[in-house]
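Student: Below is the structure I would like to discuss, written out as structure tokens.
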Amino acid sequence: MSTRAFVAAAVIVHGIMSFAPTSITSPRTGRAQTRRHVFSGIVEEMGNVVSLEHDKEMTMWDGSVGRGTELVVDGPVASDGAYIGCSIAVNGVCLTATRLNIDGEPWFSLGLSPETLRRTNLGAVKTGDPVNLERSLAADGRNSGHYVQGHVDGTGAVRKTWTEGDSLWVEIGVADPDLLACIVPKGYVAVDGTSLTVCDVTSESFTLMLIEHTQKCVVLPLRNVGDAVNLEVDVIAKYARRSVGDFEALTKKVAALEKRLEEVAEAAGCIPFYDMREEEGDA
């Protein structure tokens, strides 16, 4: 990895680890609350889809009416302490609560943007489907997983499952090579919002293992072969890959420039300056 990649990773780690708690006033209760920022990937409960309504009329900021998608979820734990505008991760997707305690039940609604529908598996859920739920993590809270933004990068597909003792192996195929490049053995990955450790990586897929406890707390064991799962890779890996990509692009440009200089120098019967330095042993 290049020096620039390490610098980028260090900047991100510093930014994530050093954010300070801030207080806000809840619009619902009027009480001061600690603002929550990110997620941990430790699923708090499996809720259930109440409804998914496409093409619903929504009043926009200027009073005009647009049409969008609304997801309603039953989640008693996720509803506890929730307020309008708070963030709740549903299958690893950071969404904004827009209504609470619907029909006197611990149901809450969330708007799904077109980008969310394109990037995730939420557009395919049906009434009664289980979904992973996690409230956003307090800045001063314990993180038993890893820092998950709730910004899903794309989806993978379950390719195979098998057991070893009381553990469940899962192989997940990833069609996007850029996404797969950010997944490394023994690194973190969020699968439907669950913080998991990668076991092995191939050119087309990766594997992970669920212990007995986790199997009963998340939706992944309920997936069938071919089912889509939401994937979010470690944000540090994304920034590092971006930095390495920039460095590689710059290296190619420098190489192309050197080749052009050599061609010009050869045509003029000259020796490029950098070649002279190498001959003198200074380079």
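Chain identifiers are assigned as A, B, and so on, following the order in which chains appear in the structure tokens; residues are numbered from 1 within each chain, and ligands are numbered from 1 in order of appearance.
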Near A:Leu110, counting only C-alpha atoms, which residues have an atom at most 7 Å away, once you skip same-chain residues fewer than 3 positions from it, shown as a list in words?
Tutor: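 So the residues in contact are Glu70, Leu71, Val72, Leu95, Thr96, Ala97 and Thr98 of chain A.
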Student: Do a neighbour search on stretch 219-225 of chain A at 7 Å with only C-alpha atoms, toss out local chain neighbours closer than 4 positions, and write the hits as number ranges by chain.
Tutor: A: 130-132, 158-160, 215
Student: Using only C-alpha atoms, pick whichever of A:Val198, A:Val170, A:Leu52, A:Val244 has the shortest atom-to-atom distance to A:Gly128.
Tutor: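 With only C-alpha atoms as the atom set, the closest residue is A:Leu52.
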Student: Name the residues of stretch 133-180 of chain A that fall into strand (DSSP E or B) according to DSSP on the backbone, using the chain letters and numbers of this document, as number ranges by chain.
Tutor: A: 133-135, 137-138, 148, 154-164, 167-173
Student: Residues at most 7 Å from stretch 75-85 of chain A, counting only C-alpha atoms, excluding those fewer than 4 positions away in the same chain, as a list of chain:residue names?
Tutor: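 Here the qualifying residues turn out to be A:Ser26, A:Arg28, A:Glu45, A:Gly47, A:Asn48, A:Thr96, A:Ala97, A:Thr98, A:Arg99, A:Pro106, A:Trp107, A:Leu133, A:Glu134, A:Arg135.
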Student: Point out the residue among A:Leu180, A:Glu212, A:Asp166, A:Gly187 with the least atom-to-atom distance to A:His146, counting only C-alpha atoms.
Tutor: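 With only C-alpha atoms as the atom set, the closest residue is A:Gly187.
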Student: Could you tell me how far atom CA of A:Val189 sits from atom CA of A:Val43, in Å to one decimal place?
Tutor: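 Computed distance, atom CA of A:Val43 to atom CA of A:Val189, equals 13.8 Å.
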Student: Find the spatial neighbours of A:Gly154, counting only C-alpha atoms, within a cut-off of 7 Å - ignore same-chain residues fewer than 3 positions away - and output them as a ChimeraX atom specification.
Tutor: /A:119-120,230-231
Student: I'd like to know which of A:Gly68, A:Gly193, A:Gly156, A:Gly63 is closest to A:Cys217, using only C-alpha atoms.
Tutor: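 Looking at the shortest contact to A:Cys217, the residue is A:Gly193.
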Student: Taking into account only C-alpha atoms, which residue in the set A:Tyr147, A:Trp162, A:Phe206, A:Trp61 is nearest to A:Leu179?
Tutor: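 Once distances to A:Leu179 are computed over only C-alpha atoms, the minimum belongs to A:Phe206.
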